[in-house]
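Comments concern the structure below.
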Amino acid sequence: MSRDAVLVTGATGLVGAEVVKRLVAMNRPVVAVTHRRPRIVANDGRAIAASNKVRHVAGDVRIVRFGLDEKVSTALTHTVGCIVHCAATTAFNAPDRVYDELNIGATRNAIALGRRLDVPLVHVSTAYVCGRRDGTVRESEFDRGQSFGNGYERSKFHAEQLVRAADGLRWTIIRPGIVTGATETGAIRDYKNFYTVLKLIVEGKLRTLPGRYEATLSLVPVDHVADVVVAAIAHIDSAAGRTFHAVGVEAISLRAVSDVLAEYPSFEVATFVPHASFSPDELDGVEREYYLRIGAQYTSYFDRRLTFDATNAVELLGRPLPATGKDYLRILLDHCLDAGYLGSPLPTIDEILAVH
Amino acid sequence: MIETIHDTAVRLIVAMAPTDEAPGANPAADLRLIDDLGYDSVRLMELTVVLERKFGLPRQLPEQLTGVHTVGDVIALVTAGASHNGLKP
């Protein structure tokens with residue numbers, strides 16, 4: 001029996017589902033380790049049904065060997081030729097226990113399974129394992145004694161550290177930037193992270209934020225991230241032991257983001273002020289709540305002037321990186337308006353409390 | 001008739017739900033905030049602030065909210081917090 005199946009963790013997630021979609025299109029069998037929601041929905045909203053090409057295996061990545069019993073594990077040794085580890089929480093405010101279990105522990109378990117099956121592991125990390133710094137980050141760089149913007153980055157750093165240190169494991173690391181909508185349409189299935197803070201800004205709920213206009217955001221279309229992951233699987237021998245930044249051709253500055261937001265008449269635009277002159281205590285009551293509970297999780301992204309070099313990824317894909325500047329941001333915003341995510345605000349906290 | 005904490009909390013959850021399909025005045029306790037009522041992270045944060053202010057609850061920490069997924073979970077959290085304040089559930 002040939003071992004051409006790809007075992008995918010986090011197959012129901014944004015990136016994982018797009019990876020599964022591409023593997024199916026390439027006629028590669030997929031074994032999806034799924035926990036709570038055994039339903040894989042691609043970024044375009046279409047479900048990818050279980051079939052003889054996409055098999056679901058009930059498991060929990062937080063448990064050793066993903067909680068798969070001996071019979072299932074043994075069966076996998078005959079069919080699986082590669083593991084793609086996408087499962088993670090991308091929340092910025094999760095408790096340490098959740099990061100330890102889901103981002104670090106699950107990676108430890110993926111490594112152990114890779115060794116047991118004797119197959120390569122493609123590990124999906126984040127470009128922001130670089131932590132709090134400025135300048136150009138190369139794919140070869142990793143541990144520079146950096147500090148981190150939040151617990152998510154720290155946990156992904158530790159996970160990547162485990163992969164790199166795993167003796168006898170063939171590994172490939174993919175580091176996406178901030179995952180956003182599809183290149184051509186801006187479509188996105190889940191509005192998280194960047195979209196959350198974007199919504200609060202354009203609805204005028206975060207009006208003043210600590211940051212600098214030269215800071216940059218490395219947005220990357222979800223389809224490009226999945227393309228890089230799948231290219232690594234397709235060229236697993238040459239990708240072994242290498243790291244790939246899954247990012248666009250350019251990082252967009254906060255100045256450019258603000259300029260584009262100002263083109264939309266219904267959008268508010270936040271003012272970024274130096275950290276030294278920002279105090280949450282000076283915000284009014286409700287804005288302070290938005291800042292302390294959500295905005296504060298993002299401020300390190302408004303402070304870093306980063307560019308991610310993606311020489312390895314360009315070589316792997318054999319094509320240029322997607323444009324991720326102002327025009328791409330306009331595509332994302334237009335989609336958000338079309339989909340109703342932006343531009344149709346719900347009753348505010350004050351309005352609700354006044355009526356109820 | 002005096003509205004109970006339970007009824008007020010349910011009314012607020014329903015009033016703030018982003019879903020287009022009105023869940024009705026008496027949503028089932030196992031109705032899920034995100035999957036059934038359309039809540040996202042921003043709206044959940046706004047619901048938290050509204051409930052804290054309405055019932056005089058202390059600020060909820062993220063770890064206190066990790067297990068809160070359904071209407072019933074919210075009611076349990078609010079009822080427990082409000083009864084500490086001497087309010088009747």
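Residues are referred to by chain and number: the chain letter is A, B, ... according to the order shown in the structure tokens, the number counts from 1 in that chain, and ligands are numbered separately from 1 in the order shown.
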
Counting only C-alpha atoms, what is within 10 Å of A:Ala88, bar same-chain residues fewer than 4 positions away, as a PyMOL selection string?
-> chain A and resi 9-10+13+61+98-99+101-104+106-107+124-125+152+155-156

Take the residues just selected and output them with C-alpha atoms as a compact mmCIF listing (two decimals), in the first residue's frame.
# COMPACT_ATOMS: atom_id res chain seq x y z
CA THR A 9 -4.35 18.58 12.15
CA GLY A 10 -6.47 21.70 12.41
CA GLY A 13 -9.38 25.83 10.65
CA VAL A 61 -4.18 16.93 19.39
CA VAL A 98 -4.54 26.83 26.63
CA TYR A 99 -1.34 27.88 24.85
CA GLU A 101 -1.91 22.45 25.63
CA LEU A 102 -2.97 23.55 22.18
CA ASN A 103 0.08 25.27 20.70
CA ILE A 104 3.02 23.70 22.52
CA ALA A 106 -0.03 19.55 20.43
CA THR A 107 3.20 20.24 18.56
CA VAL A 124 2.61 25.78 10.55
CA SER A 125 4.16 28.44 12.76
CA TYR A 152 0.40 33.52 21.30
CA SER A 155 3.79 29.77 22.49
CA LYS A 156 4.41 29.49 18.75

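Distance criterion 7 Å to chain B, applied with only C-alpha atoms, yields Asn93, Ala94, Pro95, Thr196, Ile349 and Leu353 of chain A on chain A.
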
Considering only C-alpha atoms, return as a list in words whatever protein or nucleic-acid residues lie within 7 Å of A:Thr271, sequence-local ones (same chain, fewer than 3 positions apart) excluded.
->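 Counting only C-alpha atoms, the residues come to Arg207, Thr208 and Leu209 of chain A.
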
Stretch 200-206 of chain A: which residues within 7 Å, counting only C-alpha atoms, same-chain residues fewer than 5 positions away excluded, as an mmCIF file with C-alpha atoms, in the first residue's frame?
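In the end it all went to around-v2.cif:
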data_model
loop_
_atom_site.group_PDB
_atom_site.id
_atom_site.type_symbol
_atom_site.label_atom_id
_atom_site.label_comp_id
_atom_site.auth_asym_id
_atom_site.auth_seq_id
_atom_site.Cartn_x
_atom_site.Cartn_y
_atom_site.Cartn_z
ATOM 1 C CA PHE A 267 -15.263 54.546 8.295
ATOM 2 C CA GLU A 268 -13.668 56.194 11.305
ATOM 3 C CA VAL A 269 -9.860 56.321 11.370
ATOM 4 C CA ALA A 270 -7.930 55.909 14.616
ATOM 5 C CA GLU A 287 -13.487 53.154 24.792
ATOM 6 C CA TYR A 290 -12.537 48.253 24.247
ATOM 7 C CA TYR A 291 -8.901 49.146 24.647
#

Using only C-alpha atoms, the residue out of A:His356, A:Arg39, A:Arg133, A:His158 with shortest distance to A:Arg108 is A:His158

Write out as a list of chain:residue names the residues lying within 12 Å of A:Ser277, counting only C-alpha atoms and excluding same-chain residues fewer than 5 positions away.
-> A:Thr208, A:Leu209, A:Pro210, A:Gly211, A:Arg212, A:Phe272, A:Glu282

Write down as a PyMOL selection string the residues of stretch 163-193 of chain A whose backbone DSSP state falls under strand (DSSP E or B).
-> chain A and resi 171-176+178-180

Using C-alpha atoms, can you write the selected residues to a file as a CSV table (one decimal), in the first residue's frame?
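File produced: again_28.csv:
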chain,number,residue,atom,x,y,z
A,171,TRP,CA,10.7,18.9,9.4
A,172,THR,CA,9.6,21.9,7.4
A,173,ILE,CA,8.4,25.1,9.0
A,174,ILE,CA,5.9,27.5,7.3
A,175,ARG,CA,5.6,30.9,8.9
A,176,PRO,CA,2.5,32.8,7.8
A,178,ILE,CA,-1.4,37.9,9.5
A,179,VAL,CA,-3.8,35.6,7.6
A,180,THR,CA,-6.4,37.6,5.7

Counting only C-alpha atoms, what is within 8 Å of stretch 227-238 of chain A, bar same-chain residues fewer than 5 positions away, as a compact mmCIF listing (two decimals) with N, CA and C atoms, in the first residue's frame?
# COMPACT_ATOMS: atom_id res chain seq x y z
N VAL A 19 -5.79 23.91 2.93
CA VAL A 19 -4.78 22.90 2.62
C VAL A 19 -5.47 21.61 2.16
N ARG A 22 -6.80 21.86 -1.37
CA ARG A 22 -5.76 21.73 -2.40
C ARG A 22 -5.26 20.29 -2.53
N LEU A 23 -5.14 19.60 -1.40
CA LEU A 23 -4.67 18.20 -1.45
C LEU A 23 -5.68 17.34 -2.21
N CYS A 82 3.02 11.87 5.33
CA CYS A 82 3.42 13.22 5.76
C CYS A 82 2.38 13.75 6.75
N PRO A 120 7.78 12.89 7.45
CA PRO A 120 8.12 14.30 7.69
C PRO A 120 6.95 15.08 8.28
N VAL A 122 5.28 18.87 8.48
CA VAL A 122 5.20 20.27 8.03
C VAL A 122 4.48 21.03 9.14
N VAL A 124 3.05 24.41 10.85
CA VAL A 124 2.61 25.78 10.55
C VAL A 124 2.84 26.64 11.79
N THR A 172 9.66 20.67 8.20
CA THR A 172 9.60 21.88 7.39
C THR A 172 8.74 22.86 8.17
N ILE A 174 6.54 26.41 8.13
CA ILE A 174 5.88 27.46 7.33
C ILE A 174 5.48 28.56 8.32
N PHE A 244 9.96 28.59 5.64
CA PHE A 244 9.39 29.41 4.56
C PHE A 244 8.47 30.48 5.15
N ALA A 246 5.43 32.58 4.71
CA ALA A 246 4.24 32.68 3.85
C ALA A 246 3.68 34.09 4.04
N ALA A 313 10.49 30.88 0.03
CA ALA A 313 9.11 30.64 -0.43
C ALA A 313 8.97 30.93 -1.92
N LEU A 316 10.48 28.06 -3.70
CA LEU A 316 9.63 26.86 -3.57
C LEU A 316 8.45 26.92 -4.53
N LEU A 317 7.81 28.11 -4.59
CA LEU A 317 6.60 28.25 -5.41
C LEU A 317 6.93 28.49 -6.88

Taking into account only C-alpha atoms, which residue in the set A:Asp334, A:Asp190, A:Asp4, A:Asp60 is nearest to A:Tyr264?
->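 Of the candidates, the smallest distance to A:Tyr264 is held by A:Asp334.
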
Can you list, as a CSV table (one decimal) with C-alpha atoms, in the first residue's frame, all residues belonging to chain B that DSSP tags as helix (DSSP H, G or I)?
chain,number,residue,atom,x,y,z
B,5,ILE,CA,-31.8,38.1,36.8
B,6,HIS,CA,-32.3,35.2,34.6
B,7,ASP,CA,-35.0,36.9,32.5
B,8,THR,CA,-33.0,40.2,32.3
B,9,ALA,CA,-29.9,38.4,31.2
B,10,VAL,CA,-31.7,36.4,28.6
B,11,ARG,CA,-33.4,39.6,27.2
B,12,LEU,CA,-29.9,41.2,26.9
B,13,ILE,CA,-28.4,38.2,25.2
B,14,VAL,CA,-31.2,38.2,22.7
B,15,ALA,CA,-31.2,41.9,22.1
B,16,MET,CA,-27.5,42.0,21.4
B,41,SER,CA,-15.3,38.2,19.7
B,42,VAL,CA,-16.2,41.9,19.7
B,43,ARG,CA,-19.9,41.3,20.3
B,44,LEU,CA,-19.1,38.8,23.1
B,45,MET,CA,-16.9,41.4,24.7
B,46,GLU,CA,-19.7,44.0,24.4
B,47,LEU,CA,-22.2,41.5,26.0
B,48,THR,CA,-19.7,41.0,28.8
B,49,VAL,CA,-19.5,44.7,29.5
B,50,VAL,CA,-23.3,45.1,29.3
B,51,LEU,CA,-23.9,42.3,31.8
B,52,GLU,CA,-21.2,43.5,34.2
B,53,ARG,CA,-22.7,47.0,34.2
B,54,LYS,CA,-26.3,45.9,34.4
B,55,PHE,CA,-25.7,43.6,37.4
B,62,PRO,CA,-10.5,36.0,29.9
B,63,GLU,CA,-9.9,32.7,31.7
B,64,GLN,CA,-13.3,33.0,33.4
B,65,LEU,CA,-14.9,33.2,30.0
B,71,VAL,CA,-26.9,30.9,26.7
B,72,GLY,CA,-27.0,28.7,29.7
B,73,ASP,CA,-23.3,29.2,30.5
B,74,VAL,CA,-23.9,33.0,30.5
B,75,ILE,CA,-26.9,32.7,32.7
B,76,ALA,CA,-24.9,30.6,35.2
B,77,LEU,CA,-22.1,33.0,35.3
B,78,VAL,CA,-24.3,36.1,35.7
B,79,THR,CA,-26.5,34.4,38.3
B,80,ALA,CA,-23.5,33.3,40.4
B,81,GLY,CA,-22.0,36.7,40.2
B,82,ALA,CA,-25.2,38.6,40.9
B,83,SER,CA,-26.1,36.5,43.9
B,84,HIS,CA,-22.8,37.5,45.5

Go through A:Asp303, A:Ile48, A:Val119, A:Val54 one by one, measure the shortest atom-to-atom distance of each to A:Ala17 using only C-alpha atoms, and give the residue with the smallest value.
->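 Closest to A:Ala17 of all the choices is A:Ile48.
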
What is the atom CA of A:Ala339-atom CA of B:Gly38 distance in Å, reported with one decimal?
->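 Interatomic distance here is 13.7 Å.
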
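Note that the spacing between atom CA of A:Val24 and atom CA of A:Asp118 amounts to 23.0 Å.
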
Give me the residues within 12 Å of A:Ile40 as an MDAnalysis selection string, counting only C-alpha atoms and dropping any in the same chain fewer than 3 places off.
-> chainID A and resid 8:21 30:37 43:51 54:56 189
